[in-house]
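In what follows, a single structure is set out as structure tokens and then discussed.
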Amino acid sequence: MRSVYGYLGRRLALSLLMLWLVSVLVFLFVRAIPGDPITAQGGTIALSSEEAQELRRQLGLDKPLVVQYLIWARDFLRGDGGRSIVHGNSTVENLLDALPVTLEIAGGALLGALLVAVPLGTLAAIRANRPEDYGARVFSLAGLSVPDFWLGTVILLYLAIWFGWTVPFGYRPPWEDPGRNLVQFAIPVGVLSLRLSASTLRFVRAGVLEVLREDYVRTATAKGLPGSVVIRRHALRNALIPVATVIGVQTAYLIGGAVVMETLFSLPGVGRLTLASLMQRDYTQLQTNIMFLAAMTVAINFVVDALYAAIDPRVRGL
Amino acid sequence: MSGEVEAVAGRVAAPWSGAQGRPWFQALWRFARREPLGFGGGCLLALILLLALCSPIISRYDPLALAPRESFIAPGNGSHWLGTDHLGRDLLSRVLYGGRASLGTAGAALLMGAGVGTLLGLVSGYSNNLLSQAVQRCVDAFMALPPLILALAIAASMGSGVTTVLVAMAVVMVPSFARVVRGTTLSVASSDYVMAAATIGATPARVLLRHVVPNIVGTVITLLSIWVGNAILVEAALGFLGVGIQPPHPTWGNMLANEGRSYMLTAPWLAIVPGAAITATVLCSNLLGDAVRTTLDPRLRFRE
């Protein structure tokens, strides 16, 4: 049997290679965007072509691509990320300012999804092809089919029409005004976790169904353990291992969902920052953000794989 | 995993090609009896597609024609069934035309993404050399980028328009298809019948087309069934974020983002109708997709 460490070493090397590839991709993508920050700002400030040239030189936009990439990579590895072309301050600072909002949305949605999906998925599997199962499946189909931005809009709409109530405007961090923060985040987190729980539920159901057929579950039942103990201690524990991997995959979708929710509910998170820097051609900010989001996705997947390998020795040979 | 994949590969052709000499309508009837929900979803989806496709024939109004005097008519009106928007444009016509744009874009993007992804996966799985390893690493790198962010970045780098949305969505789907098809191809390529074919002197092209391709069709159909609903949702999300087809030309996403959100309180139907259209279409696609997956292999569980 191969050791966990060898497997982890190979996975780590692959992850780092992947991150390097991502960094090149991100760099090239961002450069391919037509127009540069100077022309994108052109509407607001009138610049002569000499002035524009001078500004490009100051921002390092006149250097060869390879040099620009190396400068950016150096800055990024230093944890600097360069200055935002539009705002002039550190891109990493801007990112860190926006991060708590996104983490609250994504973390809340993940937590909510697990709280719904695990019990409901288990119930659906135990009562397969009975009313409970059909109910859970309808819920999951509906959750997968409703566009999250529409659901968010409709909820806002009916709260306003029926109760004359609107979400308070202007973001407040939870440490300043926990009550208001909770109210502001409840709807986006709920909407996002609905979709996430709909897809996770399917995996939980399938996992539990699979495990219920295993010999050790039959043994546990045969030796007289009560049903709830069999489910909790024998079935669920094994069924949830593959579900952990699914959560790794969902991270990427969660980030996309956060972009939409932050835009819809005017919350100043990483998603909205990314969208704004895209529109303003803020190269450096955009690179820092996308690189950070990709690094987070890779890191979470690595951690999930590592946990998986620690739990299940069969995957180490991969 | 590989065991599962082989099991799929072995039983793929049966339900579709009428292995026991059944004509296609009998196979369809069997499908309808076994998966009534999926069949119903499929029929509704076909109806929606037909309506969207025939929008120029069905619509009584030009979706772009302004009629300021008839603005904000509520739904249920005799001449404007779904009402009108702030510029007096007929909502029914706009939803139909919007559906044609949205579903057409989503469908074309799905075909492009699936085609390129399948080809990449097939080639990199069958000729497992250094180049194919490199392709695979690039696919992994693309998968590390959150799909919506990737699509947004591409959309921004190309400017808004139909082509942009097509490319952005296709690029998002390619890695998923390439990765799974590569896995199936690897296991099919190492099976005995493929080796046997190669041994008796079949050319690589013949082996690929006659022996490998037919056995990955099931995997591709399964992936398609997963992606149909997603493709429609991604197209709508891009339209909602403002990078898709631009107003005044309607798509479901941009109708919701523009007149839908601006006049939410005075004319709620402007926000409700396009969203309901998206939901209904995606729901039908998912019902059909689930039934197709069950038919292909009840034990099939993809970790995608």
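Naming works like this for the structure tokens: A, B, ... for the chains as they're shown, residue 1 at the start of each chain, ligands 1 onward in shown order.
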Subject >> Residue neighbourhood B:Cys138, 9 Å, only C-alpha atoms, exclusion window fewer than 3 positions, as number ranges by chain >> reply: A: 18, 21-22; B: 133-135, 141-143, 175
Using 9 Å as the limit and counting only C-alpha atoms, can you tabulate each residue of chain B that touches chain A, with its shortest atom-to-atom distance in Å and the two atoms involved, as a tab-separated table?
residue	atom	partner	partner_atom	distance
B:Arg137	CA	A:Met18	CA	6.9
B:Cys138	CA	A:Leu21	CA	7.0
B:Asp140	CA	A:Met18	CA	6.8
B:Ala141	CA	A:Met18	CA	5.2
B:Phe142	CA	A:Val22	CA	7.1
B:Met143	CA	A:Ala252	CA	8.5
B:Ala144	CA	A:Ala294	CA	5.4
B:Leu145	CA	A:Ala294	CA	5.1
B:Pro146	CA	A:Ala252	CA	4.4
B:Pro147	CA	A:Gly256	CA	6.8
B:Leu148	CA	A:Gly256	CA	5.0
B:Ile149	CA	A:Gly256	CA	6.4
B:Leu150	CA	A:Ile290	CA	8.7
B:Leu152	CA	A:Leu275	CA	8.0
B:Ala153	CA	A:Phe29	CA	7.0
B:Ile154	CA	A:Phe29	CA	7.1
B:Ala155	CA	A:Ile33	CA	8.9
B:Ala156	CA	A:Ile33	CA	6.2
B:Ser157	CA	A:Ile33	CA	3.5
B:Met158	CA	A:Ile33	CA	6.5
B:Gly159	CA	A:Pro34	CA	7.7
B:Gly229	CA	A:Ser145	CA	7.2
B:Asn230	CA	A:Ser145	CA	8.6
B:Leu233	CA	A:Pro147	CA	6.3
B:Ala236	CA	A:Pro147	CA	8.1
B:Ala237	CA	A:Phe149	CA	7.5
B:Phe240	CA	A:Phe149	CA	8.0
B:Leu241	CA	A:Val260	CA	7.5
B:Leu256	CA	A:Trp150	CA	7.7
B:Arg261	CA	A:Thr153	CA	7.5
B:Met264	CA	A:Leu157	CA	6.6
B:Leu265	CA	A:Leu157	CA	6.8
B:Pro268	CA	A:Leu157	CA	7.5
B:Ala271	CA	A:Val154	CA	7.5
B:Ile272	CA	A:Val154	CA	7.1
B:Pro274	CA	A:Trp150	CA	8.9
B:Gly275	CA	A:Trp150	CA	5.7
B:Ala276	CA	A:Val146	CA	8.3
B:Ile278	CA	A:Pro147	CA	7.3
B:Thr279	CA	A:Val146	CA	4.9
B:Ala280	CA	A:Ser145	CA	7.7
B:Thr281	CA	A:Ser145	CA	8.2
B:Val282	CA	A:Ser145	CA	5.2
B:Leu283	CA	A:Ser145	CA	5.0
B:Cys284	CA	A:Ser145	CA	8.7
B:Ser285	CA	A:Ser145	CA	8.8
B:Asn286	CA	A:Leu141	CA	7.2
B:Leu287	CA	A:Leu141	CA	7.8
B:Arg301	CA	A:Ala206	CA	7.6
B:Arg303	CA	A:Val246	CA	7.1
B:Glu304	CA	A:Val249	CA	7.8
Writing out the chosen residues with N, CA and C atoms as a short mmCIF file (atom, residue, chain, number, x, y, z; two decimals), in the first residue's frame:
data_model
loop_
_atom_site.label_atom_id
_atom_site.label_comp_id
_atom_site.auth_asym_id
_atom_site.auth_seq_id
_atom_site.Cartn_x
_atom_site.Cartn_y
_atom_site.Cartn_z
N ARG B 137 -3.91 18.78 -18.31
CA ARG B 137 -3.55 19.75 -17.27
C ARG B 137 -4.22 21.09 -17.54
N CYS B 138 -4.29 21.48 -18.82
CA CYS B 138 -4.96 22.74 -19.16
C CYS B 138 -6.44 22.67 -18.79
N ASP B 140 -7.70 20.89 -16.43
CA ASP B 140 -7.77 21.02 -14.97
C ASP B 140 -7.68 22.48 -14.55
N ALA B 141 -6.77 23.21 -15.24
CA ALA B 141 -6.58 24.62 -14.89
C ALA B 141 -7.87 25.39 -15.14
N PHE B 142 -8.54 25.09 -16.27
CA PHE B 142 -9.80 25.76 -16.56
C PHE B 142 -10.84 25.44 -15.50
N MET B 143 -10.82 24.19 -15.01
CA MET B 143 -11.82 23.79 -14.02
C MET B 143 -11.61 24.48 -12.68
N ALA B 144 -10.38 24.99 -12.46
CA ALA B 144 -10.12 25.67 -11.19
C ALA B 144 -10.75 27.06 -11.17
N LEU B 145 -11.07 27.58 -12.36
CA LEU B 145 -11.70 28.90 -12.41
C LEU B 145 -13.20 28.74 -12.24
N PRO B 146 -13.80 29.49 -11.32
CA PRO B 146 -15.25 29.41 -11.16
C PRO B 146 -15.93 29.70 -12.51
N PRO B 147 -16.88 28.83 -12.95
CA PRO B 147 -17.45 28.94 -14.29
C PRO B 147 -17.98 30.32 -14.63
N LEU B 148 -18.74 30.91 -13.70
CA LEU B 148 -19.36 32.19 -14.03
C LEU B 148 -18.30 33.29 -14.19
N ILE B 149 -17.26 33.24 -13.35
CA ILE B 149 -16.17 34.20 -13.44
C ILE B 149 -15.45 34.03 -14.78
N LEU B 150 -15.21 32.78 -15.15
CA LEU B 150 -14.55 32.49 -16.43
C LEU B 150 -15.38 33.04 -17.59
N LEU B 152 -17.60 35.39 -17.49
CA LEU B 152 -17.60 36.85 -17.44
C LEU B 152 -16.31 37.41 -18.04
N ALA B 153 -15.17 36.78 -17.67
CA ALA B 153 -13.88 37.27 -18.17
C ALA B 153 -13.83 37.16 -19.69
N ILE B 154 -14.30 36.03 -20.23
CA ILE B 154 -14.30 35.87 -21.69
C ILE B 154 -15.23 36.87 -22.33
N ALA B 155 -16.43 37.00 -21.73
CA ALA B 155 -17.40 37.94 -22.29
C ALA B 155 -16.81 39.34 -22.32
N ALA B 156 -16.09 39.71 -21.26
CA ALA B 156 -15.51 41.05 -21.21
C ALA B 156 -14.40 41.21 -22.24
N SER B 157 -13.64 40.13 -22.47
CA SER B 157 -12.50 40.27 -23.38
C SER B 157 -12.96 40.29 -24.83
N MET B 158 -14.23 39.94 -25.09
CA MET B 158 -14.69 39.93 -26.48
C MET B 158 -15.76 40.98 -26.76
N GLY B 159 -16.20 41.69 -25.75
CA GLY B 159 -17.29 42.64 -25.96
C GLY B 159 -18.61 41.88 -25.98
N GLY B 229 -30.14 21.87 -18.67
CA GLY B 229 -30.72 22.83 -17.75
C GLY B 229 -29.72 23.90 -17.33
N ASN B 230 -28.48 23.44 -17.04
CA ASN B 230 -27.44 24.38 -16.63
C ASN B 230 -27.15 25.41 -17.70
N LEU B 233 -29.64 28.11 -17.65
CA LEU B 233 -29.46 28.97 -16.48
C LEU B 233 -28.25 29.89 -16.63
N ALA B 236 -29.00 32.70 -18.98
CA ALA B 236 -29.85 33.70 -18.33
C ALA B 236 -29.04 34.54 -17.34
N ALA B 237 -28.14 33.89 -16.59
CA ALA B 237 -27.34 34.61 -15.60
C ALA B 237 -26.43 35.63 -16.30
N PHE B 240 -28.51 38.44 -17.32
CA PHE B 240 -28.89 39.20 -16.14
C PHE B 240 -27.75 40.13 -15.70
N LEU B 241 -26.51 39.64 -15.81
CA LEU B 241 -25.36 40.45 -15.39
C LEU B 241 -24.97 41.46 -16.47
N LEU B 256 -35.41 40.39 -17.54
CA LEU B 256 -35.52 40.37 -16.09
C LEU B 256 -34.65 41.46 -15.47
N ARG B 261 -36.55 44.52 -13.33
CA ARG B 261 -36.16 45.03 -12.02
C ARG B 261 -36.50 46.51 -11.85
N MET B 264 -40.32 46.78 -11.04
CA MET B 264 -40.76 45.66 -10.24
C MET B 264 -42.04 45.97 -9.47
N LEU B 265 -42.12 47.14 -8.87
CA LEU B 265 -43.25 47.43 -7.99
C LEU B 265 -44.48 47.88 -8.76
N PRO B 268 -45.25 44.20 -11.64
CA PRO B 268 -44.53 42.97 -11.23
C PRO B 268 -44.48 41.91 -12.32
N ALA B 271 -41.25 41.27 -14.16
CA ALA B 271 -40.20 40.48 -13.53
C ALA B 271 -40.59 39.01 -13.44
N ILE B 272 -41.90 38.75 -13.28
CA ILE B 272 -42.33 37.38 -13.02
C ILE B 272 -42.33 36.53 -14.29
N PRO B 274 -40.66 36.52 -17.41
CA PRO B 274 -39.45 35.91 -17.98
C PRO B 274 -38.83 34.87 -17.05
N GLY B 275 -38.85 35.15 -15.74
CA GLY B 275 -38.29 34.19 -14.78
C GLY B 275 -39.07 32.89 -14.78
N ALA B 276 -40.41 33.00 -14.85
CA ALA B 276 -41.23 31.80 -14.89
C ALA B 276 -40.94 31.00 -16.15
N ILE B 278 -38.04 30.86 -17.73
CA ILE B 278 -36.77 30.16 -17.51
C ILE B 278 -37.01 28.93 -16.63
N THR B 279 -37.72 29.15 -15.51
CA THR B 279 -37.94 28.05 -14.56
C THR B 279 -38.64 26.88 -15.23
N ALA B 280 -39.72 27.16 -15.97
CA ALA B 280 -40.48 26.09 -16.61
C ALA B 280 -39.59 25.31 -17.58
N THR B 281 -38.82 26.03 -18.40
CA THR B 281 -37.99 25.36 -19.38
C THR B 281 -36.92 24.50 -18.71
N VAL B 282 -36.26 25.06 -17.69
CA VAL B 282 -35.21 24.30 -17.01
C VAL B 282 -35.81 23.09 -16.30
N LEU B 283 -36.99 23.28 -15.70
CA LEU B 283 -37.64 22.17 -15.01
C LEU B 283 -37.92 21.02 -15.98
N CYS B 284 -38.48 21.36 -17.16
CA CYS B 284 -38.77 20.33 -18.16
C CYS B 284 -37.48 19.63 -18.61
N SER B 285 -36.41 20.43 -18.83
CA SER B 285 -35.14 19.83 -19.24
C SER B 285 -34.63 18.88 -18.18
N ASN B 286 -34.75 19.28 -16.90
CA ASN B 286 -34.25 18.42 -15.83
C ASN B 286 -35.06 17.15 -15.70
N LEU B 287 -36.39 17.26 -15.86
CA LEU B 287 -37.24 16.06 -15.80
C LEU B 287 -36.84 15.08 -16.89
N ARG B 301 -24.35 6.99 -11.38
CA ARG B 301 -24.30 8.20 -10.58
C ARG B 301 -23.04 8.95 -10.96
N ARG B 303 -20.37 11.92 -10.68
CA ARG B 303 -19.91 12.83 -9.62
C ARG B 303 -19.63 14.21 -10.20
N GLU B 304 -20.40 14.61 -11.14
CA GLU B 304 -20.10 15.94 -11.73
C GLU B 304 -20.93 17.01 -11.05
#
**OP:** Can you work out which one of B:Leu50, B:Gln246, B:Ser176, B:Gly38 has the shortest atom-to-atom distance to B:Gly104, counting only C-alpha atoms?
**Re:**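 Comparing B:Leu50, B:Gln246, B:Ser176, B:Gly38 against B:Gly104, the winner is B:Leu50.
Taking only C-alpha atoms, the non-local environment of B:Leu186 within 9 Å (same-chain residues fewer than 3 positions away omitted) comprises Leu122, Ser124, Gly125, Tyr126, Asn128, Val181, Arg182, Gly183, Ala189, Ser190 and Ser191 of chain B.
With only C-alpha atoms as the atoms that count, the minimum distance from B:Val212 to the choices B:Leu130, B:Ala198, B:Ala277, B:Ala151 is reached by B:Ala198.
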